[in-house]
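Q: Got a file for you: coords_20.cif, mmCIF, C-alpha atoms.
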```cif
data_data
loop_
_atom_site.label_atom_id
_atom_site.label_comp_id
_atom_site.auth_asym_id
_atom_site.auth_seq_id
_atom_site.Cartn_x
_atom_site.Cartn_y
_atom_site.Cartn_z
CA MET Q 1 -54.10 33.42 -4.39
CA HIS Q 2 -51.18 34.76 -2.38
CA THR Q 3 -48.94 37.74 -3.07
CA SER Q 4 -46.16 39.27 -1.02
CA GLU Q 5 -42.79 40.99 -1.27
CA VAL Q 6 -40.33 38.32 -0.17
CA ALA Q 7 -37.16 40.37 -0.61
CA GLU Q 8 -36.27 43.87 -1.69
CA GLY Q 9 -37.93 44.35 -5.07
CA ILE Q 10 -38.88 40.66 -5.44
CA HIS Q 11 -42.57 39.76 -5.26
CA TRP Q 12 -44.16 36.31 -5.01
CA LEU Q 13 -47.52 35.54 -6.60
CA GLU Q 14 -49.03 32.11 -5.95
CA HIS Q 15 -52.15 30.82 -7.69
CA ALA Q 16 -53.37 27.22 -7.88
CA HIS Q 17 -50.15 26.00 -6.22
CA VAL Q 18 -47.98 27.53 -8.97
CA ASN Q 19 -45.60 30.42 -8.29
CA VAL Q 20 -44.80 33.50 -10.38
CA TYR Q 21 -42.20 36.10 -9.40
CA PHE Q 22 -41.78 39.80 -10.20
CA VAL Q 23 -38.32 41.35 -9.96
CA GLU Q 24 -38.10 45.14 -10.13
CA GLN Q 25 -35.20 47.54 -10.47
CA ASP Q 26 -34.91 51.18 -11.60
CA GLY Q 27 -38.46 51.38 -12.97
CA ARG Q 28 -38.20 48.11 -14.93
CA LEU Q 29 -39.77 44.75 -14.09
CA MET Q 30 -39.03 41.15 -15.04
CA ILE Q 31 -41.51 38.29 -14.64
CA ILE Q 32 -40.11 34.86 -13.80
CA ASP Q 33 -42.36 32.01 -14.96
CA ALA Q 34 -45.87 32.51 -16.28
CA GLY Q 35 -48.07 30.26 -14.16
CA LEU Q 36 -51.31 28.84 -15.53
CA PRO Q 37 -53.94 30.54 -17.74
CA GLY Q 38 -56.12 31.24 -14.71
CA SER Q 39 -53.35 33.41 -13.29
CA ARG Q 40 -53.92 36.14 -15.88
CA PRO Q 41 -56.12 38.45 -13.78
CA HIS Q 42 -53.83 38.04 -10.78
CA ILE Q 43 -50.72 38.86 -12.80
CA ARG Q 44 -52.46 41.88 -14.32
CA ALA Q 45 -53.58 43.06 -10.86
CA GLY Q 46 -50.06 42.61 -9.52
CA LEU Q 47 -48.50 44.62 -12.34
CA ARG Q 48 -51.10 47.35 -11.90
CA ALA Q 49 -50.60 47.50 -8.13
CA LEU Q 50 -46.83 47.82 -8.55
CA GLY Q 51 -47.18 50.36 -11.35
CA TYR Q 52 -45.38 48.33 -14.02
CA GLU Q 53 -48.01 47.70 -16.68
CA ASP Q 54 -45.93 49.69 -19.16
CA SER Q 55 -42.51 48.66 -17.91
CA VAL Q 56 -42.31 44.86 -18.16
CA VAL Q 57 -39.06 44.19 -19.98
CA ALA Q 58 -38.84 40.39 -19.98
CA LEU Q 59 -40.50 37.11 -19.13
CA VAL Q 60 -37.92 34.52 -18.07
CA LEU Q 61 -38.95 30.86 -18.03
CA THR Q 62 -37.06 28.60 -15.65
CA HIS Q 63 -38.24 25.79 -17.93
CA GLY Q 64 -40.88 25.01 -20.52
CA HIS Q 65 -43.51 22.92 -18.72
CA PHE Q 66 -47.18 23.86 -19.14
CA ASP Q 67 -47.57 25.20 -15.60
CA HIS Q 68 -44.76 27.71 -16.17
CA VAL Q 69 -45.80 28.76 -19.68
CA GLY Q 70 -49.53 29.22 -19.04
CA THR Q 71 -49.77 32.98 -19.54
CA ALA Q 72 -46.65 33.44 -21.69
CA ALA Q 73 -48.50 33.97 -24.99
CA TRP Q 74 -50.90 36.39 -23.31
CA LEU Q 75 -48.05 38.35 -21.71
CA ARG Q 76 -46.27 38.59 -25.05
CA ASN Q 77 -49.39 39.78 -26.87
CA THR Q 78 -50.65 42.12 -24.13
CA TYR Q 79 -47.42 43.71 -22.92
CA ARG Q 80 -45.09 43.04 -25.91
CA VAL Q 81 -42.77 41.16 -23.58
CA PRO Q 82 -39.82 39.16 -24.95
CA ILE Q 83 -39.75 35.59 -23.63
CA LEU Q 84 -36.40 34.12 -22.64
CA VAL Q 85 -35.76 30.42 -22.12
CA HIS Q 86 -32.67 28.20 -22.18
CA PRO Q 87 -32.13 26.84 -25.73
CA ASP Q 88 -32.52 23.25 -24.50
CA ASP Q 89 -36.08 24.04 -23.35
CA ALA Q 90 -37.24 26.11 -26.33
CA TRP Q 91 -38.95 23.09 -27.89
CA ILE Q 92 -40.83 22.27 -24.67
CA ALA Q 93 -41.96 25.90 -24.32
CA ALA Q 94 -43.50 25.55 -27.78
CA HIS Q 95 -45.01 22.14 -26.93
CA PRO Q 96 -45.59 22.37 -23.15
CA TYR Q 97 -47.20 18.96 -22.75
CA SER Q 98 -44.52 17.06 -24.68
CA TYR Q 99 -41.69 16.54 -22.24
CA LYS Q 100 -39.60 13.67 -20.94
CA HIS Q 101 -40.62 12.05 -17.65
CA GLU Q 102 -39.64 8.85 -15.88
CA LEU Q 103 -42.98 7.74 -14.41
CA ASN Q 104 -46.61 7.67 -15.50
CA ARG Q 105 -48.18 11.12 -15.05
CA VAL Q 106 -51.58 9.64 -14.18
CA LEU Q 107 -50.66 6.70 -11.96
CA VAL Q 108 -48.29 8.59 -9.63
CA PRO Q 109 -50.98 11.00 -8.34
CA LEU Q 110 -53.40 8.12 -7.91
CA ARG Q 111 -50.87 6.49 -5.58
CA HIS Q 112 -50.62 9.74 -3.59
CA PRO Q 113 -54.15 10.97 -2.72
CA ALA Q 114 -52.76 14.12 -1.09
CA SER Q 115 -51.83 15.30 -4.58
CA LEU Q 116 -55.34 15.13 -5.99
CA PRO Q 117 -56.67 18.45 -4.57
CA ILE Q 118 -53.49 20.16 -5.82
CA ILE Q 119 -53.86 18.77 -9.32
CA GLY Q 120 -57.58 19.57 -9.22
CA ARG Q 121 -56.87 23.25 -8.51
CA MET Q 122 -54.28 23.33 -11.27
CA LYS Q 123 -56.82 21.91 -13.73
CA MET Q 124 -59.40 24.48 -12.64
CA ALA Q 125 -56.78 27.15 -13.41
CA GLY Q 126 -56.46 25.92 -16.99
CA ALA Q 127 -53.68 23.35 -16.76
CA LEU Q 128 -55.17 21.41 -19.68
CA PHE Q 129 -55.43 24.41 -22.01
CA VAL Q 130 -51.97 25.99 -22.23
CA ARG Q 131 -50.72 27.51 -25.48
CA GLY Q 132 -47.06 27.07 -26.25
CA VAL Q 133 -44.80 29.90 -27.40
CA THR Q 134 -42.47 29.60 -30.37
CA ASP Q 135 -40.91 33.05 -30.57
CA THR Q 136 -38.63 32.71 -27.58
CA LEU Q 137 -35.15 34.17 -27.20
CA PRO Q 138 -32.19 32.13 -25.89
CA LEU Q 139 -31.44 32.64 -22.21
CA VAL Q 140 -27.77 32.07 -21.53
CA PRO Q 141 -25.53 33.55 -18.81
CA GLY Q 142 -24.48 36.56 -20.89
CA THR Q 143 -28.04 37.67 -21.64
CA ALA Q 144 -28.84 38.31 -17.97
CA ARG Q 145 -26.61 41.34 -17.49
CA ASN Q 146 -29.37 43.71 -18.67
CA LEU Q 147 -32.23 42.10 -16.76
CA PRO Q 148 -33.65 43.70 -13.61
CA GLY Q 149 -31.63 42.51 -10.61
CA THR Q 150 -28.78 41.36 -12.87
CA PRO Q 151 -29.22 37.70 -11.94
CA GLU Q 152 -26.60 35.03 -12.30
CA ILE Q 153 -28.04 32.31 -14.55
CA LEU Q 154 -27.25 28.71 -13.60
CA HIS Q 155 -27.99 25.72 -15.81
CA VAL Q 156 -29.45 23.00 -13.53
CA PRO Q 157 -30.71 20.21 -15.81
CA GLY Q 158 -32.62 17.17 -14.66
CA HIS Q 159 -36.21 18.29 -14.24
CA THR Q 160 -35.85 19.32 -17.89
CA ASP Q 161 -32.76 19.49 -20.08
CA GLY Q 162 -32.73 23.29 -20.14
CA HIS Q 163 -33.83 24.10 -16.62
CA ILE Q 164 -32.22 27.21 -15.12
CA ALA Q 165 -32.05 28.96 -11.74
CA LEU Q 166 -31.50 32.67 -11.07
CA HIS Q 167 -29.28 33.93 -8.26
CA PHE Q 168 -29.59 37.49 -6.92
CA PRO Q 169 -26.65 37.64 -4.49
CA ASP Q 170 -27.15 41.28 -3.48
CA ARG Q 171 -30.72 40.46 -2.43
CA GLY Q 172 -29.96 37.10 -0.83
CA VAL Q 173 -32.38 35.32 -3.15
CA LEU Q 174 -32.17 32.19 -5.28
CA ILE Q 175 -35.09 31.42 -7.63
CA VAL Q 176 -34.92 27.75 -8.58
CA GLY Q 177 -38.14 27.00 -10.46
CA ASP Q 178 -38.75 23.25 -10.26
CA ALA Q 179 -35.11 22.27 -9.78
CA LEU Q 180 -36.13 22.20 -6.11
CA VAL Q 181 -39.66 22.60 -4.73
CA THR Q 182 -41.22 22.84 -1.29
CA LEU Q 183 -44.47 21.27 -2.50
CA ASN Q 184 -44.43 18.27 -4.82
CA PRO Q 185 -47.63 18.53 -6.90
CA TYR Q 186 -47.55 14.85 -7.81
CA THR Q 187 -47.31 13.50 -4.25
CA GLY Q 188 -48.59 16.35 -2.08
CA MET Q 189 -45.44 16.10 0.03
CA LYS Q 190 -44.08 19.34 1.51
CA GLY Q 191 -40.48 20.32 2.20
CA PRO Q 192 -37.43 20.70 -0.06
CA GLN Q 193 -37.29 17.97 -2.72
CA ILE Q 194 -37.07 17.40 -6.43
CA VAL Q 195 -40.31 16.93 -8.35
CA SER Q 196 -41.65 13.42 -8.84
CA GLY Q 197 -40.48 11.38 -11.80
CA ALA Q 198 -43.97 11.88 -13.20
CA ALA Q 199 -42.72 15.27 -14.41
CA THR Q 200 -38.93 14.98 -14.16
CA ALA Q 201 -36.81 13.86 -17.09
CA ASP Q 202 -33.89 12.48 -15.05
CA SER Q 203 -34.13 12.37 -11.25
CA ALA Q 204 -30.49 11.35 -10.79
CA GLN Q 205 -29.35 14.31 -12.86
CA ALA Q 206 -31.77 16.61 -11.02
CA LEU Q 207 -30.26 15.60 -7.68
CA SER Q 208 -26.73 16.01 -9.03
CA SER Q 209 -27.54 19.49 -10.35
CA LEU Q 210 -28.44 20.61 -6.84
CA ASP Q 211 -24.71 20.67 -6.10
CA ARG Q 212 -24.50 23.74 -8.35
CA ILE Q 213 -26.74 25.76 -6.04
CA ALA Q 214 -25.83 24.34 -2.62
CA ALA Q 215 -22.94 26.73 -1.93
CA LEU Q 216 -24.63 29.89 -3.19
CA ALA Q 217 -25.04 32.81 -0.81
CA ALA Q 218 -28.75 33.26 -0.17
CA ASP Q 219 -31.15 33.14 2.74
CA LYS Q 220 -34.30 32.76 0.63
CA VAL Q 221 -34.89 29.99 -1.90
CA LEU Q 222 -37.96 30.63 -4.06
CA THR Q 223 -39.43 27.62 -5.83
CA GLY Q 224 -41.92 26.86 -8.56
CA HIS Q 225 -44.33 25.18 -6.15
CA GLY Q 226 -44.67 25.73 -2.43
CA GLU Q 227 -43.70 28.40 0.05
CA PRO Q 228 -40.33 30.15 0.17
CA TRP Q 229 -37.52 28.31 1.92
CA LEU Q 230 -36.18 30.82 4.44
CA SER Q 231 -32.76 29.34 4.99
CA SER Q 232 -29.69 28.51 2.97
CA PRO Q 233 -29.69 26.59 -0.32
CA ALA Q 234 -27.29 24.13 1.32
CA ASP Q 235 -29.89 23.20 3.94
CA ALA Q 236 -32.57 22.74 1.30
CA VAL Q 237 -30.31 20.64 -0.90
CA ALA Q 238 -29.32 18.38 2.02
CA ILE Q 239 -32.99 17.64 2.75
CA ALA Q 240 -33.82 17.07 -0.92
CA LYS Q 241 -30.97 14.60 -1.29
CA ARG Q 242 -32.09 12.69 1.81
CA ILE Q 243 -35.61 12.41 0.39
CA GLY Q 244 -34.38 11.45 -3.07
CA PRO Q 245 -36.57 10.58 -6.07
CA SER Q 246 -40.33 10.04 -5.81
#
```
Translate this structure into structure tokens?
A:
Amino acid sequence: MHTSEVAEGIHWLEHAHVNVYFVEQDGRLMIIDAGLPGSRPHIRAGLRALGYEDSVVALVLTHGHFDHVGTAAWLRNTYRVPILVHPDDAWIAAHPYSYKHELNRVLVPLRHPASLPIIGRMKMAGALFVRGVTDTLPLVPGTARNLPGTPEILHVPGHTDGHIALHFPDRGVLIVGDALVTLNPYTGMKGPQIVSGAATADSAQALSSLDRIAALAADKVLTGHGEPWLSSPADAVAIAKRIGPS
């Protein structure tokens, strides 16, 4: 597990190669993505250490895949946290293993042995036993004005139909979920890229959506998998486009 404050009031928690983020402001805290079931004690410890066990106001899902929904039901039941997701991903959040993908989810990792330890750690963290959540609220640009950090919500479909990113311009931070990662769990490859077609609905659309974040003002890009990208979104997007689909 890894935890650190990566920007003012924004904390990164990594467990089993899956990232969760805490965003705090004025005594209120928002969680972005819910990791895997095995992340529960780490999330609880993080909230306790920051002093926000009674002040979590929202869980925002960048998308509905199982490795981003893993503790969502527990967070809702334990902390009475509303769960926000783009309407186009509400069905996936309720059925986190039923999502569109271009390539075989089993064969791709077998062709990339570097991915196998990553997937093994994810399985050990409960990747096969995620409960979906049905009582989500729609996350659209207007709903973000009351969230900690007042993020700008950007719809960046491709990995999933309802994938979103969150821009915090005053903190120089862009949280992109799996629209762009620095570790591809299905290949083991590091560096800015889109996720393999084994878990991406439309790779061409995912690459095209990167144009929506390329010009944003930020010097930290925080992803769903992998370490923070400590440069501009434009630099990360340029690399991801050169690499292309996998």
Q: Can you measure CA of Val173 in chain Q to CA of Asp219 in chain Q for me? One decimal in Å is fine.
A: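 Here the two named atoms are 6.4 Å from each other.
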Q: Using all atoms listed in the file, which of the listed residues (Q:Val130, Q:Ile153, Q:Ala45, Q:Leu36) sits closest to His17 in chain Q?
A: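 Distance minimum relative to His17 in chain Q lands on Q:Leu36.
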Q: Kindly provide, as an MDAnalysis selection string, the polymer residues lying within 9 Å of (-43.6, 25.2, -5.2), counting all atoms listed in the file and using the coordinates exactly as they appear in the file.
A: chainID Q and resid 14 17:19 177:178 180:185 190 222:228
Q: Rank nothing, just name the residue among Q:Gly172, Q:Gly197, Q:Gly120, Q:Pro148 nearest to Glu24 in chain Q, using all atoms listed in the file.
A: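 Closest candidate: Q:Pro148.
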Q: Take CA of Ile31 in chain Q and CA of Asp54 in chain Q and report the distance between them in Å, one decimal.
A: 13.0 Å
Q: Would you kindly identify which residues have an atom no farther than 7 Å from (-36.0, 17.7, -3.5), using only C-alpha atoms and the file's own coordinates, and write them out as number ranges by chain?
A: Q: 180-181, 192-195, 237, 239-241, 243-244
Q: Record the distance separating CA of Thr200 in chain Q and CA of Arg76 in chain Q, expressed in Å with one decimal.
A: 27.0 Å
Q: I'd like the contact shell of range 93-103 of chain Q - 10 Å cut-off, all atoms listed in the file, skipping same-chain residues fewer than 5 positions apart - returned as a PyMOL selection string.
A: chain Q and resi 61+63-70+72+83+85-88+108+127-136+158-161+196-203+246
Q: Could those selected residues go to a file with C-alpha atoms, as a CSV table (one decimal), keeping the file's coordinate frame?
A:
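Writing the result to selection.csv gives the following:
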```csv
chain,number,residue,atom,x,y,z
Q,61,LEU,CA,-39.0,30.9,-18.0
Q,63,HIS,CA,-38.2,25.8,-17.9
Q,64,GLY,CA,-40.9,25.0,-20.5
Q,65,HIS,CA,-43.5,22.9,-18.7
Q,66,PHE,CA,-47.2,23.9,-19.1
Q,67,ASP,CA,-47.6,25.2,-15.6
Q,68,HIS,CA,-44.8,27.7,-16.2
Q,69,VAL,CA,-45.8,28.8,-19.7
Q,70,GLY,CA,-49.5,29.2,-19.0
Q,72,ALA,CA,-46.6,33.4,-21.7
Q,83,ILE,CA,-39.8,35.6,-23.6
Q,85,VAL,CA,-35.8,30.4,-22.1
Q,86,HIS,CA,-32.7,28.2,-22.2
Q,87,PRO,CA,-32.1,26.8,-25.7
Q,88,ASP,CA,-32.5,23.2,-24.5
Q,108,VAL,CA,-48.3,8.6,-9.6
Q,127,ALA,CA,-53.7,23.4,-16.8
Q,128,LEU,CA,-55.2,21.4,-19.7
Q,129,PHE,CA,-55.4,24.4,-22.0
Q,130,VAL,CA,-52.0,26.0,-22.2
Q,131,ARG,CA,-50.7,27.5,-25.5
Q,132,GLY,CA,-47.1,27.1,-26.2
Q,133,VAL,CA,-44.8,29.9,-27.4
Q,134,THR,CA,-42.5,29.6,-30.4
Q,135,ASP,CA,-40.9,33.0,-30.6
Q,136,THR,CA,-38.6,32.7,-27.6
Q,158,GLY,CA,-32.6,17.2,-14.7
Q,159,HIS,CA,-36.2,18.3,-14.2
Q,160,THR,CA,-35.8,19.3,-17.9
Q,161,ASP,CA,-32.8,19.5,-20.1
Q,196,SER,CA,-41.6,13.4,-8.8
Q,197,GLY,CA,-40.5,11.4,-11.8
Q,198,ALA,CA,-44.0,11.9,-13.2
Q,199,ALA,CA,-42.7,15.3,-14.4
Q,200,THR,CA,-38.9,15.0,-14.2
Q,201,ALA,CA,-36.8,13.9,-17.1
Q,202,ASP,CA,-33.9,12.5,-15.0
Q,203,SER,CA,-34.1,12.4,-11.2
Q,246,SER,CA,-40.3,10.0,-5.8
```
Q: Could you spell out the hits of the PyMOL selection byres ((chain Q and resi 170) around 10) on the shown file, as JSON, numbers by chain?
A: {"Q": [8, 149, 150, 151, 167, 168, 169, 171, 172, 173, 217, 218]}
Q: Please enumerate the residues selected by the PyMOL selection byres ((chain Q and resi 21) around 12) when evaluated against the supplied file, formatted as a PDB file with C-alpha atoms, in the coordinates of the input.
A:
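out-v8.pdb, freshly written:
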```
ATOM      1  CA  HIS Q   2     -51.180  34.760  -2.380  1.00  0.00           C
ATOM      2  CA  THR Q   3     -48.940  37.740  -3.070  1.00  0.00           C
ATOM      3  CA  SER Q   4     -46.160  39.270  -1.020  1.00  0.00           C
ATOM      4  CA  GLU Q   5     -42.790  40.990  -1.270  1.00  0.00           C
ATOM      5  CA  VAL Q   6     -40.330  38.320  -0.170  1.00  0.00           C
ATOM      6  CA  ALA Q   7     -37.160  40.370  -0.610  1.00  0.00           C
ATOM      7  CA  GLY Q   9     -37.930  44.350  -5.070  1.00  0.00           C
ATOM      8  CA  ILE Q  10     -38.880  40.660  -5.440  1.00  0.00           C
ATOM      9  CA  HIS Q  11     -42.570  39.760  -5.260  1.00  0.00           C
ATOM     10  CA  TRP Q  12     -44.160  36.310  -5.010  1.00  0.00           C
ATOM     11  CA  LEU Q  13     -47.520  35.540  -6.600  1.00  0.00           C
ATOM     12  CA  GLU Q  14     -49.030  32.110  -5.950  1.00  0.00           C
ATOM     13  CA  HIS Q  15     -52.150  30.820  -7.690  1.00  0.00           C
ATOM     14  CA  VAL Q  18     -47.980  27.530  -8.970  1.00  0.00           C
ATOM     15  CA  ASN Q  19     -45.600  30.420  -8.290  1.00  0.00           C
ATOM     16  CA  VAL Q  20     -44.800  33.500 -10.380  1.00  0.00           C
ATOM     17  CA  PHE Q  22     -41.780  39.800 -10.200  1.00  0.00           C
ATOM     18  CA  VAL Q  23     -38.320  41.350  -9.960  1.00  0.00           C
ATOM     19  CA  GLU Q  24     -38.100  45.140 -10.130  1.00  0.00           C
ATOM     20  CA  LEU Q  29     -39.770  44.750 -14.090  1.00  0.00           C
ATOM     21  CA  MET Q  30     -39.030  41.150 -15.040  1.00  0.00           C
ATOM     22  CA  ILE Q  31     -41.510  38.290 -14.640  1.00  0.00           C
ATOM     23  CA  ILE Q  32     -40.110  34.860 -13.800  1.00  0.00           C
ATOM     24  CA  ASP Q  33     -42.360  32.010 -14.960  1.00  0.00           C
ATOM     25  CA  ALA Q  34     -45.870  32.510 -16.280  1.00  0.00           C
ATOM     26  CA  GLY Q  35     -48.070  30.260 -14.160  1.00  0.00           C
ATOM     27  CA  HIS Q  42     -53.830  38.040 -10.780  1.00  0.00           C
ATOM     28  CA  ILE Q  43     -50.720  38.860 -12.800  1.00  0.00           C
ATOM     29  CA  GLY Q  46     -50.060  42.610  -9.520  1.00  0.00           C
ATOM     30  CA  LEU Q  47     -48.500  44.620 -12.340  1.00  0.00           C
ATOM     31  CA  ALA Q  58     -38.840  40.390 -19.980  1.00  0.00           C
ATOM     32  CA  LEU Q  59     -40.500  37.110 -19.130  1.00  0.00           C
ATOM     33  CA  VAL Q  60     -37.920  34.520 -18.070  1.00  0.00           C
ATOM     34  CA  LEU Q  61     -38.950  30.860 -18.030  1.00  0.00           C
ATOM     35  CA  THR Q  62     -37.060  28.600 -15.650  1.00  0.00           C
ATOM     36  CA  HIS Q  68     -44.760  27.710 -16.170  1.00  0.00           C
ATOM     37  CA  LEU Q 166     -31.500  32.670 -11.070  1.00  0.00           C
ATOM     38  CA  VAL Q 173     -32.380  35.320  -3.150  1.00  0.00           C
ATOM     39  CA  LEU Q 174     -32.170  32.190  -5.280  1.00  0.00           C
ATOM     40  CA  ILE Q 175     -35.090  31.420  -7.630  1.00  0.00           C
ATOM     41  CA  VAL Q 176     -34.920  27.750  -8.580  1.00  0.00           C
ATOM     42  CA  GLY Q 177     -38.140  27.000 -10.460  1.00  0.00           C
ATOM     43  CA  LEU Q 222     -37.960  30.630  -4.060  1.00  0.00           C
ATOM     44  CA  THR Q 223     -39.430  27.620  -5.830  1.00  0.00           C
ATOM     45  CA  GLY Q 224     -41.920  26.860  -8.560  1.00  0.00           C
ATOM     46  CA  HIS Q 225     -44.330  25.180  -6.150  1.00  0.00           C
ATOM     47  CA  PRO Q 228     -40.330  30.150   0.170  1.00  0.00           C
TER      48      PRO Q 228
END
```
Q: From the set Q:Leu147, Q:Leu154, Q:Ser231, Q:Tyr186, which residue has the shortest atom-to-atom contact distance to Asn104 in chain Q, counting only C-alpha atoms?
A: Q:Tyr186
Q: Please, what is the axis-aligned box for every listed atom of range 212-223 of chain Q with 3 Å on each side, as centre and edge lengths in Å to one decimal, as JSON?
A:
```
{"center_x": -31.2, "center_y": 28.5, "center_z": -2.8, "size_x": 22.5, "size_y": 15.5, "size_z": 17.1}
```
